[in-house]
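Raw contents of input.cif, mmCIF, C-alpha atoms and all ligand atoms:
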```cif
data_protein
#
loop_
_atom_site.label_atom_id
_atom_site.label_comp_id
_atom_site.auth_asym_id
_atom_site.auth_seq_id
_atom_site.Cartn_x
_atom_site.Cartn_y
_atom_site.Cartn_z
CA MET Q 1 -12.54 -49.00 -59.62
CA ILE Q 2 -15.34 -46.45 -59.38
CA GLU Q 3 -17.23 -45.97 -62.62
CA ARG Q 4 -18.21 -42.34 -62.85
CA ARG Q 5 -21.56 -41.25 -64.17
CA LYS Q 6 -21.30 -39.94 -67.71
CA THR Q 7 -21.87 -36.21 -67.71
CA ARG Q 8 -21.44 -33.41 -70.20
CA GLN Q 9 -18.38 -31.27 -69.61
CA LEU Q 10 -18.27 -27.56 -68.96
CA HIS Q 11 -15.52 -25.14 -68.01
CA VAL Q 12 -15.27 -22.81 -65.05
CA GLY Q 13 -12.47 -20.63 -66.39
CA SER Q 14 -9.54 -22.98 -66.94
CA VAL Q 15 -11.05 -25.80 -64.86
CA ALA Q 16 -13.03 -28.52 -66.64
CA VAL Q 17 -15.97 -29.94 -64.71
CA GLY Q 18 -17.78 -33.13 -65.71
CA GLY Q 19 -16.99 -35.68 -68.40
CA ASP Q 20 -13.63 -37.28 -67.70
CA ALA Q 21 -12.21 -34.25 -65.86
CA PRO Q 22 -10.84 -34.84 -62.35
CA ILE Q 23 -13.42 -34.11 -59.66
CA ALA Q 24 -12.88 -30.43 -58.92
CA VAL Q 25 -12.53 -29.21 -55.34
CA GLN Q 26 -14.39 -26.03 -54.48
CA SER Q 27 -14.61 -23.82 -51.44
CA MET Q 28 -16.17 -20.51 -50.57
CA THR Q 29 -14.50 -17.46 -49.08
CA ASN Q 30 -15.91 -16.14 -45.80
CA THR Q 31 -14.30 -12.71 -46.02
CA HIS Q 32 -16.35 -9.73 -47.16
CA THR Q 33 -16.07 -9.70 -50.94
CA ASP Q 34 -15.90 -5.89 -51.01
CA ASP Q 35 -12.59 -6.27 -49.13
CA ALA Q 36 -10.67 -7.52 -52.15
CA ALA Q 37 -7.30 -7.67 -50.36
CA ALA Q 38 -8.58 -9.87 -47.52
CA THR Q 39 -10.52 -12.05 -49.97
CA LEU Q 40 -7.51 -12.50 -52.23
CA GLU Q 41 -5.33 -13.40 -49.25
CA GLN Q 42 -7.82 -16.14 -48.33
CA ILE Q 43 -8.13 -17.33 -51.93
CA GLN Q 44 -4.35 -17.67 -52.11
CA ARG Q 45 -4.32 -19.84 -48.96
CA LEU Q 46 -7.13 -21.95 -50.42
CA ALA Q 47 -5.33 -22.28 -53.75
CA ASP Q 48 -2.15 -23.30 -51.92
CA ALA Q 49 -4.16 -26.03 -50.19
CA GLY Q 50 -5.33 -27.29 -53.61
CA CYS Q 51 -8.67 -25.53 -54.10
CA ASP Q 52 -9.54 -25.63 -57.84
CA ILE Q 53 -12.46 -23.19 -57.90
CA ILE Q 54 -13.49 -20.52 -55.42
CA ARG Q 55 -16.92 -19.00 -54.81
CA CYS Q 56 -17.49 -15.56 -53.33
CA ALA Q 57 -20.76 -14.20 -51.98
CA VAL Q 58 -22.06 -11.12 -53.79
CA PRO Q 59 -24.67 -9.58 -51.48
CA ASP Q 60 -24.42 -6.02 -52.84
CA MET Q 61 -22.84 -3.78 -55.46
CA ALA Q 62 -19.80 -3.11 -53.27
CA ALA Q 63 -19.07 -6.85 -53.38
CA ALA Q 64 -19.52 -6.88 -57.16
CA GLU Q 65 -17.07 -4.00 -57.33
CA GLY Q 66 -14.58 -5.98 -55.21
CA LEU Q 67 -14.85 -8.83 -57.70
CA LYS Q 68 -13.10 -6.73 -60.35
CA THR Q 69 -9.79 -6.89 -58.49
CA ILE Q 70 -10.44 -10.39 -57.18
CA CYS Q 71 -11.09 -11.85 -60.63
CA LYS Q 72 -8.04 -10.14 -62.07
CA GLU Q 73 -5.68 -11.42 -59.39
CA SER Q 74 -7.17 -14.73 -58.24
CA PRO Q 75 -4.95 -17.76 -58.93
CA VAL Q 76 -8.08 -19.92 -59.43
CA PRO Q 77 -11.41 -19.37 -61.26
CA VAL Q 78 -13.99 -17.36 -59.33
CA ILE Q 79 -17.73 -18.05 -59.08
CA ALA Q 80 -20.14 -15.36 -57.93
CA ASP Q 81 -22.83 -16.47 -55.49
CA ILE Q 82 -25.96 -14.45 -56.29
CA HIS Q 83 -29.34 -14.43 -54.62
CA PHE Q 84 -32.39 -12.68 -56.06
CA ASP Q 85 -30.81 -9.63 -57.74
CA TYR Q 86 -30.09 -9.98 -61.47
CA LYS Q 87 -28.19 -6.67 -61.47
CA LEU Q 88 -25.63 -8.23 -59.17
CA ALA Q 89 -25.29 -11.13 -61.59
CA LEU Q 90 -24.70 -8.75 -64.50
CA ALA Q 91 -22.19 -6.73 -62.46
CA ALA Q 92 -20.36 -9.94 -61.47
CA ILE Q 93 -20.15 -11.06 -65.09
CA GLU Q 94 -18.89 -7.63 -66.01
CA ALA Q 95 -16.27 -7.92 -63.24
CA GLY Q 96 -14.93 -11.04 -64.93
CA VAL Q 97 -16.24 -14.02 -62.93
CA ASP Q 98 -15.87 -17.50 -64.42
CA GLY Q 99 -19.18 -18.86 -63.16
CA LEU Q 100 -22.42 -17.99 -61.43
CA ARG Q 101 -24.39 -19.68 -58.70
CA LEU Q 102 -27.89 -18.43 -59.20
CA ASN Q 103 -31.41 -19.79 -59.36
CA PRO Q 104 -33.13 -18.22 -62.36
CA GLY Q 105 -36.60 -18.72 -60.89
CA ASN Q 106 -35.68 -16.39 -58.02
CA ILE Q 107 -34.45 -13.31 -59.85
CA GLY Q 108 -37.74 -11.79 -60.88
CA GLY Q 109 -39.03 -12.57 -64.33
CA GLU Q 110 -38.11 -13.66 -67.81
CA GLU Q 111 -36.52 -10.45 -69.06
CA LYS Q 112 -34.12 -10.32 -66.13
CA VAL Q 113 -33.17 -13.96 -66.57
CA ARG Q 114 -32.69 -13.42 -70.29
CA ALA Q 115 -30.32 -10.51 -69.64
CA VAL Q 116 -28.19 -12.69 -67.37
CA VAL Q 117 -28.31 -15.67 -69.72
CA GLU Q 118 -27.27 -13.57 -72.72
CA ALA Q 119 -24.32 -12.11 -70.79
CA ALA Q 120 -23.33 -15.58 -69.51
CA LYS Q 121 -23.59 -17.05 -73.03
CA GLU Q 122 -21.41 -14.33 -74.46
CA ARG Q 123 -18.61 -15.20 -72.05
CA ASN Q 124 -19.22 -18.93 -71.85
CA ILE Q 125 -19.92 -18.74 -68.12
CA PRO Q 126 -21.65 -21.74 -66.53
CA ILE Q 127 -24.50 -21.30 -64.10
CA ARG Q 128 -24.98 -23.56 -61.11
CA ILE Q 129 -28.51 -24.11 -59.98
CA GLY Q 130 -28.35 -24.71 -56.26
CA VAL Q 131 -31.43 -26.06 -54.54
CA ASN Q 132 -31.44 -26.23 -50.78
CA ALA Q 133 -33.82 -28.24 -48.60
CA GLY Q 134 -34.14 -25.24 -46.29
CA SER Q 135 -35.49 -22.92 -48.97
CA LEU Q 136 -37.88 -24.97 -51.09
CA PRO Q 137 -40.84 -23.14 -52.67
CA LYS Q 138 -44.03 -23.16 -50.61
CA ASP Q 139 -46.11 -25.05 -53.16
CA LEU Q 140 -43.60 -27.90 -53.28
CA LEU Q 141 -43.53 -28.11 -49.49
CA GLU Q 142 -47.32 -28.31 -49.54
CA LYS Q 143 -47.31 -30.90 -52.32
CA TYR Q 144 -44.76 -33.19 -50.64
CA GLY Q 145 -45.51 -32.31 -47.01
CA HIS Q 146 -41.85 -31.68 -46.12
CA PRO Q 147 -38.52 -31.43 -47.94
CA THR Q 148 -38.21 -34.72 -49.84
CA ALA Q 149 -35.79 -35.84 -52.53
CA GLU Q 150 -38.58 -35.52 -55.10
CA ALA Q 151 -39.30 -31.97 -53.96
CA LEU Q 152 -35.63 -31.00 -54.27
CA VAL Q 153 -35.38 -32.51 -57.74
CA GLU Q 154 -38.61 -30.89 -58.90
CA ALA Q 155 -37.42 -27.52 -57.61
CA ALA Q 156 -34.14 -27.92 -59.49
CA TRP Q 157 -35.92 -28.87 -62.73
CA ARG Q 158 -38.04 -25.70 -62.55
CA HIS Q 159 -34.86 -23.61 -62.66
CA VAL Q 160 -33.21 -25.83 -65.27
CA ARG Q 161 -36.25 -25.60 -67.58
CA ILE Q 162 -36.12 -21.80 -67.46
CA LEU Q 163 -32.54 -21.87 -68.74
CA GLU Q 164 -33.18 -24.65 -71.26
CA ALA Q 165 -36.09 -22.65 -72.70
CA MET Q 166 -33.50 -19.94 -73.45
CA ASP Q 167 -31.32 -22.53 -75.13
CA TYR Q 168 -28.82 -22.41 -72.29
CA ARG Q 169 -27.30 -25.69 -71.15
CA ASN Q 170 -24.05 -24.59 -69.57
CA ILE Q 171 -25.45 -25.83 -66.28
CA LYS Q 172 -24.35 -27.58 -63.07
CA ILE Q 173 -26.80 -28.63 -60.41
CA SER Q 174 -26.63 -29.07 -56.63
CA LEU Q 175 -29.34 -30.38 -54.30
CA LYS Q 176 -28.14 -29.80 -50.80
CA ALA Q 177 -29.52 -30.66 -47.41
CA HIS Q 178 -27.91 -31.17 -44.03
CA ASP Q 179 -29.73 -34.50 -43.77
CA VAL Q 180 -27.43 -37.09 -45.33
CA PRO Q 181 -30.00 -39.75 -46.44
CA LEU Q 182 -32.16 -37.03 -48.01
CA THR Q 183 -29.17 -35.63 -49.88
CA LEU Q 184 -28.18 -39.06 -51.15
CA GLU Q 185 -31.67 -39.79 -52.41
CA ALA Q 186 -32.00 -36.42 -54.13
CA TYR Q 187 -28.68 -36.69 -55.98
CA ARG Q 188 -29.38 -40.27 -57.04
CA LEU Q 189 -32.74 -39.22 -58.43
CA MET Q 190 -31.31 -36.25 -60.31
CA ALA Q 191 -28.36 -38.29 -61.61
CA ALA Q 192 -30.81 -40.72 -63.20
CA GLN Q 193 -32.72 -37.93 -64.93
CA CYS Q 194 -30.04 -35.81 -66.64
CA ASP Q 195 -26.43 -35.65 -67.74
CA TYR Q 196 -25.66 -32.24 -66.28
CA PRO Q 197 -22.59 -32.20 -64.04
CA LEU Q 198 -23.47 -32.35 -60.36
CA HIS Q 199 -21.93 -30.22 -57.64
CA VAL Q 200 -22.09 -32.40 -54.53
CA GLY Q 201 -22.08 -31.29 -50.92
CA ILE Q 202 -23.75 -31.60 -47.55
CA THR Q 203 -24.81 -28.16 -46.53
CA GLU Q 204 -24.43 -26.73 -43.05
CA ALA Q 205 -22.56 -29.89 -42.11
CA GLY Q 206 -21.24 -28.36 -38.90
CA THR Q 207 -17.89 -27.67 -37.31
CA VAL Q 208 -14.65 -29.34 -38.28
CA ASN Q 209 -15.41 -32.21 -35.86
CA SER Q 210 -19.00 -33.07 -36.72
CA GLY Q 211 -18.95 -31.77 -40.28
CA ILE Q 212 -16.11 -34.00 -41.42
CA ILE Q 213 -18.09 -37.15 -40.61
CA LYS Q 214 -21.28 -35.97 -42.30
CA SER Q 215 -19.41 -34.74 -45.35
CA ALA Q 216 -17.32 -37.90 -45.65
CA VAL Q 217 -20.39 -40.13 -45.41
CA GLY Q 218 -22.60 -38.01 -47.68
CA ILE Q 219 -20.13 -36.89 -50.35
CA GLY Q 220 -18.14 -40.12 -50.08
CA THR Q 221 -21.19 -42.33 -50.63
CA LEU Q 222 -22.22 -40.42 -53.74
CA LEU Q 223 -18.70 -40.38 -55.16
CA ALA Q 224 -18.39 -44.11 -54.53
CA GLU Q 225 -21.52 -44.53 -56.66
CA GLY Q 226 -19.94 -42.46 -59.42
CA ILE Q 227 -22.06 -39.37 -58.71
CA GLY Q 228 -20.38 -35.98 -58.45
CA ASP Q 229 -18.24 -33.86 -60.77
CA THR Q 230 -17.22 -31.18 -58.31
CA ILE Q 231 -17.46 -31.16 -54.53
CA ARG Q 232 -17.63 -28.65 -51.75
CA VAL Q 233 -17.26 -29.60 -48.12
CA SER Q 234 -19.10 -27.04 -45.96
CA LEU Q 235 -17.55 -26.50 -42.54
CA THR Q 236 -17.89 -23.73 -40.02
CA GLY Q 237 -14.50 -22.03 -39.66
CA ASP Q 238 -11.44 -21.54 -41.82
CA PRO Q 239 -12.37 -22.71 -45.35
CA VAL Q 240 -8.89 -24.17 -45.82
CA ASN Q 241 -10.18 -27.08 -43.72
CA GLU Q 242 -12.85 -27.71 -46.36
CA VAL Q 243 -10.20 -28.22 -49.01
CA ARG Q 244 -8.15 -30.58 -46.84
CA VAL Q 245 -11.23 -32.68 -46.05
CA ALA Q 246 -12.35 -32.69 -49.69
CA TYR Q 247 -8.99 -34.14 -50.73
CA ASP Q 248 -9.06 -36.67 -47.91
CA ILE Q 249 -12.44 -37.89 -49.21
CA LEU Q 250 -11.23 -38.01 -52.82
CA LYS Q 251 -7.97 -39.74 -51.88
CA SER Q 252 -9.74 -42.32 -49.75
CA LEU Q 253 -11.73 -43.36 -52.83
CA GLY Q 254 -8.72 -43.25 -55.15
CA LEU Q 255 -10.37 -40.46 -57.18
CA ARG Q 256 -7.56 -37.92 -56.93
CA GLU Q 257 -3.98 -37.80 -55.82
CA HIS Q 258 -3.00 -34.89 -53.66
CA GLY Q 259 -0.03 -34.66 -51.33
CA PRO Q 260 0.99 -37.43 -48.97
CA THR Q 261 -1.27 -40.05 -47.42
CA LEU Q 262 -0.49 -41.24 -43.93
CA ILE Q 263 -1.55 -44.66 -42.77
CA SER Q 264 -0.98 -45.73 -39.21
CA CYS Q 265 -2.13 -48.80 -37.34
CA PRO Q 266 -4.56 -48.62 -34.42
CA THR Q 267 -1.93 -50.29 -32.14
CA CYS Q 268 -2.65 -53.39 -30.08
CA GLY Q 269 -1.11 -55.49 -27.32
CA ARG Q 270 2.01 -56.05 -29.47
CA THR Q 271 2.89 -52.34 -29.52
CA ARG Q 272 6.00 -51.44 -27.50
CA ILE Q 273 6.47 -47.92 -28.80
CA SER Q 274 4.63 -44.61 -28.36
CA LEU Q 275 2.96 -44.85 -31.75
CA GLU Q 276 0.49 -42.00 -31.39
CA LYS Q 277 3.31 -39.57 -30.66
CA LEU Q 278 5.29 -40.94 -33.59
CA ALA Q 279 2.33 -40.78 -36.01
CA LEU Q 280 1.50 -37.21 -34.98
CA GLU Q 281 5.09 -36.12 -35.53
CA VAL Q 282 5.18 -37.77 -38.95
CA GLU Q 283 1.82 -36.16 -39.82
CA ARG Q 284 3.13 -32.75 -38.79
CA ARG Q 285 6.28 -33.09 -40.89
CA LEU Q 286 4.34 -34.45 -43.87
CA ALA Q 287 2.50 -31.13 -44.05
CA ASP Q 288 5.63 -29.80 -45.80
CA VAL Q 289 5.55 -32.53 -48.47
CA GLU Q 290 3.53 -31.70 -51.59
CA GLU Q 291 4.01 -34.84 -53.68
CA PRO Q 292 1.66 -37.83 -53.46
CA ILE Q 293 3.36 -40.53 -51.38
CA THR Q 294 1.89 -43.10 -49.00
CA VAL Q 295 3.68 -43.28 -45.67
CA ALA Q 296 3.01 -45.91 -42.99
CA VAL Q 297 3.62 -45.69 -39.25
CA MET Q 298 3.10 -49.14 -37.75
CA GLY Q 299 3.16 -50.39 -34.18
CA CYS Q 300 5.16 -53.61 -34.40
CA VAL Q 301 7.97 -55.09 -36.43
CA VAL Q 302 6.29 -58.51 -36.74
CA ASN Q 303 3.18 -57.47 -38.66
CA GLY Q 304 3.80 -53.79 -39.48
CA PRO Q 305 5.84 -54.02 -42.72
CA GLY Q 306 3.57 -56.73 -44.16
CA GLU Q 307 0.32 -55.01 -43.21
CA ALA Q 308 1.59 -51.79 -44.80
CA ARG Q 309 2.89 -53.43 -47.99
CA GLU Q 310 0.91 -50.99 -50.13
CA ALA Q 311 2.68 -47.97 -48.61
CA ASP Q 312 5.61 -46.46 -50.50
CA VAL Q 313 7.62 -46.21 -47.31
CA GLY Q 314 7.11 -46.76 -43.61
CA ILE Q 315 8.44 -47.39 -40.16
CA ALA Q 316 7.52 -50.07 -37.65
CA GLY Q 317 8.28 -49.80 -33.94
CA GLY Q 318 9.98 -52.48 -31.82
CA ILE Q 319 11.53 -52.23 -28.35
CA GLY Q 320 13.89 -49.23 -28.30
CA GLU Q 321 14.37 -49.57 -32.04
CA GLY Q 322 12.39 -49.99 -35.22
CA LEU Q 323 12.46 -50.82 -38.90
CA VAL Q 324 12.38 -48.66 -41.98
CA PHE Q 325 10.72 -50.36 -44.94
CA ARG Q 326 9.70 -49.70 -48.54
CA LYS Q 327 6.71 -51.49 -50.07
CA GLY Q 328 6.89 -53.99 -47.23
CA GLU Q 329 10.61 -54.75 -47.82
CA ILE Q 330 12.74 -54.10 -44.73
CA LEU Q 331 15.62 -51.70 -45.41
CA ARG Q 332 17.27 -51.32 -42.01
CA LYS Q 333 16.96 -51.36 -38.25
CA VAL Q 334 17.39 -47.98 -36.48
CA PRO Q 335 17.24 -46.74 -32.86
CA GLU Q 336 13.81 -45.45 -31.81
CA ASP Q 337 14.92 -41.81 -31.56
CA GLN Q 338 16.10 -41.85 -35.18
CA LEU Q 339 13.03 -43.49 -36.70
CA VAL Q 340 11.37 -40.30 -37.88
CA SER Q 341 14.51 -38.72 -39.32
CA GLU Q 342 15.39 -41.98 -41.10
CA LEU Q 343 11.85 -42.15 -42.48
CA PHE Q 344 12.09 -38.64 -43.90
CA ALA Q 345 15.54 -39.35 -45.34
CA GLU Q 346 13.92 -42.26 -47.19
CA ILE Q 347 11.02 -40.08 -48.33
CA ASP Q 348 13.49 -37.54 -49.75
CA LYS Q 349 15.29 -40.36 -51.55
CA ILE Q 350 12.05 -41.65 -53.12
CA LEU Q 351 11.02 -38.19 -54.28
CA LEU Q 352 14.46 -37.64 -55.80
CA GLU Q 353 14.35 -41.01 -57.55
CA ARG Q 354 10.97 -40.11 -59.04
CA LYS Q 355 12.35 -36.84 -60.37
CA VAL Q 356 15.33 -38.54 -61.98
CA SER Q 357 13.33 -41.36 -63.59
FE1 LIG Z 401 -0.90 -54.54 -33.74
FE2 LIG Z 401 1.34 -54.65 -35.17
FE3 LIG Z 401 -1.01 -54.59 -36.45
FE4 LIG Z 401 -0.15 -52.41 -35.23
S1 LIG Z 401 0.83 -53.43 -36.97
S2 LIG Z 401 -2.19 -53.29 -35.06
S3 LIG Z 401 0.93 -53.25 -33.47
S4 LIG Z 401 -0.23 -56.21 -35.11
#
```

For the file at hand, write its structure as structure tokens.
Amino acid sequence: MIERRKTRQLHVGSVAVGGDAPIAVQSMTNTHTDDAAATLEQIQRLADAGCDIIRCAVPDMAAAEGLKTICKESPVPVIADIHFDYKLALAAIEAGVDGLRLNPGNIGGEEKVRAVVEAAKERNIPIRIGVNAGSLPKDLLEKYGHPTAEALVEAAWRHVRILEAMDYRNIKISLKAHDVPLTLEAYRLMAAQCDYPLHVGITEAGTVNSGIIKSAVGIGTLLAEGIGDTIRVSLTGDPVNEVRVAYDILKSLGLREHGPTLISCPTCGRTRISLEKLALEVERRLADVEEPITVAVMGCVVNGPGEAREADVGIAGGIGEGLVFRKGEILRKVPEDQLVSELFAEIDKILLERKVS
């Protein structure tokens, strides 16, 4: 069991972050926020995939204007991503956002920060301080020589102290880099120094292919150490992939249940069936299943059912036929061409049994 770091809890709209709340999955829209219809369409797809919280970039007033409709109609809480301009932050709060991502040290002076903090306090809106290795202040780069974990943490504390001085502690923190060891070190350091919830991610991780590995190693390592209250996987492309990968990471660590889990064996010299084809077909059909269920696709009848004892249900291939099993117990032998349909008949049965009980 993973023991999670004890953090204070805050709320992004209806979603609790930190404390004993489930680790929230975030993503970010890549539509233009001033195009509310396109943004809402993407948010809906992300919400359908299980996204708990969505962030939208607010580069100008037109985007802040778009947020009015987006916040009203979004099925999940919306965070405004603000850089430098406090007026955009105020407009986003006015539009009804549930959270801000903003670094108070970058918005131009105490009075401007105070205006944002007062508005955020009034509506109980949390602020995420997001420090990035690529945009550290010059003096910290000079002090540390290059982006180090200490530099990232010091940069974050500068922003945090500004808010704390205004008696504002509705804060989350992120310390992102695309370098995985640097990210790990920075989050570990910060985790030891405060109890603010941490938003964990590897920034600019790459495309779906390369980014999945970096994200799984980086985010997964921290989560396994109990660090992280909300996560965002950053991938180039359709953000729906980010949500799928985030859940795969969380499920692999037993931190959240979400939809089905497929396990399939790597095959070996005992395999007498086209297992890859079978596993891909099962994976494709499982995309329509929403309930958490573990399904195994195994390459041989001798070891398959036993090796997949932890799965709720599974199939194991023989020569021209195979076995359907539940929790390692063999149910029946079926011809190869009926294996998948028999497996899904069994899945339906299990889901029905769960509903009845
Ligand atoms: Fe080999 Fe059978 Fe194990 Fe698959 S389940 S790896 S086919 S022994």

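Counting from CA of Arg161 in chain Q, the distance to CA of Ile127 in chain Q is 13.0 Å.
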
(request) Please give me, as a count of residues only, the residues lying within 10 Å of ligand LIG 401 (chain Z) when counting all atoms listed in the file. (result) 27

(request) Counting all atoms listed in the file, write as a list of chain:residue names all protein and nucleic acid residues lying at most 12 Å from (-19.8, -43.6, -47.1) in the file's frame. (result)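 The requested residues, written out, are Q:Val180, Q:Pro181, Q:Leu184, Q:Ile212, Q:Ile213, Q:Lys214, Q:Ser215, Q:Ala216, Q:Val217, Q:Gly218, Q:Ile219, Q:Gly220, Q:Thr221, Q:Leu222, Q:Leu223, Q:Ala224, Q:Glu225, Q:Ile249, Q:Leu250, Q:Ser252, Q:Leu253.
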
(request) Work out how far apart CA of Val356 in chain Q and CA of Pro292 in chain Q are and give it in Å to one decimal. (result)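 Computed distance, CA of Val356 in chain Q to CA of Pro292 in chain Q, equals 16.1 Å.
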
(request) Rank nothing, just name the residue among Q:Lys121, Q:Lys72, Q:Arg45, Q:Arg188 nearest to Arg169 in chain Q, using only C-alpha atoms. (result)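 Closest residue, counting only C-alpha atoms: Q:Lys121.
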
(message) Can you pull out the residues contacting Lys87 in chain Q? Cut-off 10 Å, using only C-alpha atoms, and skip same-chain residues under 4 positions away; I want them as a ChimeraX atom specification.
(response) /Q:60-61,64,82,91-93,107,112,115-116

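The space between CA of Phe325 in chain Q and CA of Glu257 in chain Q spans 22.2 Å.
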
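Compared by their closest atoms to Thr261 in chain Q, and using all atoms listed in the file, the residues Q:Val245, Q:Cys56, Q:Ala311, Q:Ala279 rank with Q:Ala311 nearest.
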
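Every protein, DNA or RNA residue with an atom at most 9 Å from Gly211 in chain Q, where all atoms listed in the file count and chain neighbours fewer than 2 positions away do not, is listed here: Ile202, Glu204, Ala205, Gly206, Thr207, Val208, Asn209, Ile213, Lys214, Ser215, Ala216, Val233, Ser234, Leu235 and Thr236 of chain Q.
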
(message) Here is a test: counting all atoms listed in the file, which residue of Q:Glu65, Q:Asp248, Q:Asp348, Q:Asp229 is nearest to Arg8 in chain Q?
(response) Q:Asp229

(request) Might you pull out every residue within 10 Å of Ile79 in chain Q, with all atoms listed in the file counted and same-chain residues fewer than 3 positions away left off, and present them as a list of chain:residue names? (result)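 My list of contacting residues is Q:Val12, Q:Gly13, Q:Gln26, Q:Met28, Q:Ile53, Q:Ile54, Q:Arg55, Q:Cys56, Q:Ala57, Q:Val58, Q:Leu67, Q:Cys71, Q:Val76, Q:Ile82, Q:Ala92, Q:Ile93, Q:Gly96, Q:Val97, Q:Asp98, Q:Gly99, Q:Leu100, Q:Arg101, Q:Ile125, Q:Pro126, Q:Ile127, Q:Arg128.
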
Can you write just those residues out, C-alpha atoms, as a CSV table (one decimal), in the coordinates of the input?
```csv
chain,number,residue,atom,x,y,z
Q,12,VAL,CA,-15.3,-22.8,-65.0
Q,13,GLY,CA,-12.5,-20.6,-66.4
Q,26,GLN,CA,-14.4,-26.0,-54.5
Q,28,MET,CA,-16.2,-20.5,-50.6
Q,53,ILE,CA,-12.5,-23.2,-57.9
Q,54,ILE,CA,-13.5,-20.5,-55.4
Q,55,ARG,CA,-16.9,-19.0,-54.8
Q,56,CYS,CA,-17.5,-15.6,-53.3
Q,57,ALA,CA,-20.8,-14.2,-52.0
Q,58,VAL,CA,-22.1,-11.1,-53.8
Q,67,LEU,CA,-14.8,-8.8,-57.7
Q,71,CYS,CA,-11.1,-11.8,-60.6
Q,76,VAL,CA,-8.1,-19.9,-59.4
Q,82,ILE,CA,-26.0,-14.4,-56.3
Q,92,ALA,CA,-20.4,-9.9,-61.5
Q,93,ILE,CA,-20.2,-11.1,-65.1
Q,96,GLY,CA,-14.9,-11.0,-64.9
Q,97,VAL,CA,-16.2,-14.0,-62.9
Q,98,ASP,CA,-15.9,-17.5,-64.4
Q,99,GLY,CA,-19.2,-18.9,-63.2
Q,100,LEU,CA,-22.4,-18.0,-61.4
Q,101,ARG,CA,-24.4,-19.7,-58.7
Q,125,ILE,CA,-19.9,-18.7,-68.1
Q,126,PRO,CA,-21.6,-21.7,-66.5
Q,127,ILE,CA,-24.5,-21.3,-64.1
Q,128,ARG,CA,-25.0,-23.6,-61.1
```

(request) Within 6 Å of Lys172 in chain Q, counting all atoms listed in the file, which residues show up once you throw out same-chain ones fewer than 4 positions away? Write them as a PyMOL selection string, please. (result) chain Q and resi 128+196-198

Just write the chosen residues, C-alpha atoms, as a PDB file, in the frame of the given file.
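Final output, saved to part_26.pdb:
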```pdb
ATOM      1  CA  ARG Q 128     -24.980 -23.560 -61.110  1.00  0.00           C
ATOM      2  CA  TYR Q 196     -25.660 -32.240 -66.280  1.00  0.00           C
ATOM      3  CA  PRO Q 197     -22.590 -32.200 -64.040  1.00  0.00           C
ATOM      4  CA  LEU Q 198     -23.470 -32.350 -60.360  1.00  0.00           C
TER       5      LEU Q 198
END
```

(request) Considering all atoms listed in the file, state which residue in the set Q:Met166, Q:Leu102, Q:Ala287, Q:Val282 is at the smallest distance from His258 in chain Q. (result)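 Closest to His258 in chain Q of all the choices is Q:Ala287.
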
(message) Using only C-alpha atoms, can you tell me which of Q:Pro335, Q:Gly228, Q:Pro77, Q:Pro260 comes closest to Ser14 in chain Q?
(response) Q:Pro77

(request) Could you tell me which of Q:Asp312, Q:Glu111, Q:Asp337, Q:Asp52 comes closest to Ala246 in chain Q if we count all atoms listed in the file? (result)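 That would be Q:Asp52, the residue with the smallest distance to Ala246 in chain Q.
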
Residues near range 173-176 of chain Q, anyone? I mean within 10 Å using all atoms listed in the file, not counting same-chain ones fewer than 2 positions away, as a compact mmCIF listing (two decimals) with C-alpha atoms, keeping the file's coordinate frame.
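Result file is around_21.txt:
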```
# COMPACT_ATOMS: atom_id res chain seq x y z
CA ARG Q 101 -24.39 -19.68 -58.70
CA ILE Q 127 -24.50 -21.30 -64.10
CA ARG Q 128 -24.98 -23.56 -61.11
CA ILE Q 129 -28.51 -24.11 -59.98
CA GLY Q 130 -28.35 -24.71 -56.26
CA VAL Q 131 -31.43 -26.06 -54.54
CA ASN Q 132 -31.44 -26.23 -50.78
CA ALA Q 133 -33.82 -28.24 -48.60
CA GLY Q 134 -34.14 -25.24 -46.29
CA ALA Q 149 -35.79 -35.84 -52.53
CA LEU Q 152 -35.63 -31.00 -54.27
CA VAL Q 153 -35.38 -32.51 -57.74
CA ALA Q 155 -37.42 -27.52 -57.61
CA ALA Q 156 -34.14 -27.92 -59.49
CA TRP Q 157 -35.92 -28.87 -62.73
CA HIS Q 159 -34.86 -23.61 -62.66
CA VAL Q 160 -33.21 -25.83 -65.27
CA ILE Q 171 -25.45 -25.83 -66.28
CA HIS Q 178 -27.91 -31.17 -44.03
CA ASP Q 179 -29.73 -34.50 -43.77
CA VAL Q 180 -27.43 -37.09 -45.33
CA LEU Q 182 -32.16 -37.03 -48.01
CA THR Q 183 -29.17 -35.63 -49.88
CA LEU Q 184 -28.18 -39.06 -51.15
CA GLU Q 185 -31.67 -39.79 -52.41
CA ALA Q 186 -32.00 -36.42 -54.13
CA TYR Q 187 -28.68 -36.69 -55.98
CA MET Q 190 -31.31 -36.25 -60.31
CA ALA Q 191 -28.36 -38.29 -61.61
CA TYR Q 196 -25.66 -32.24 -66.28
CA PRO Q 197 -22.59 -32.20 -64.04
CA LEU Q 198 -23.47 -32.35 -60.36
CA HIS Q 199 -21.93 -30.22 -57.64
CA VAL Q 200 -22.09 -32.40 -54.53
CA GLY Q 201 -22.08 -31.29 -50.92
CA ILE Q 202 -23.75 -31.60 -47.55
CA THR Q 203 -24.81 -28.16 -46.53
CA GLU Q 204 -24.43 -26.73 -43.05
CA GLY Q 228 -20.38 -35.98 -58.45
CA THR Q 230 -17.22 -31.18 -58.31
CA ILE Q 231 -17.46 -31.16 -54.53
```
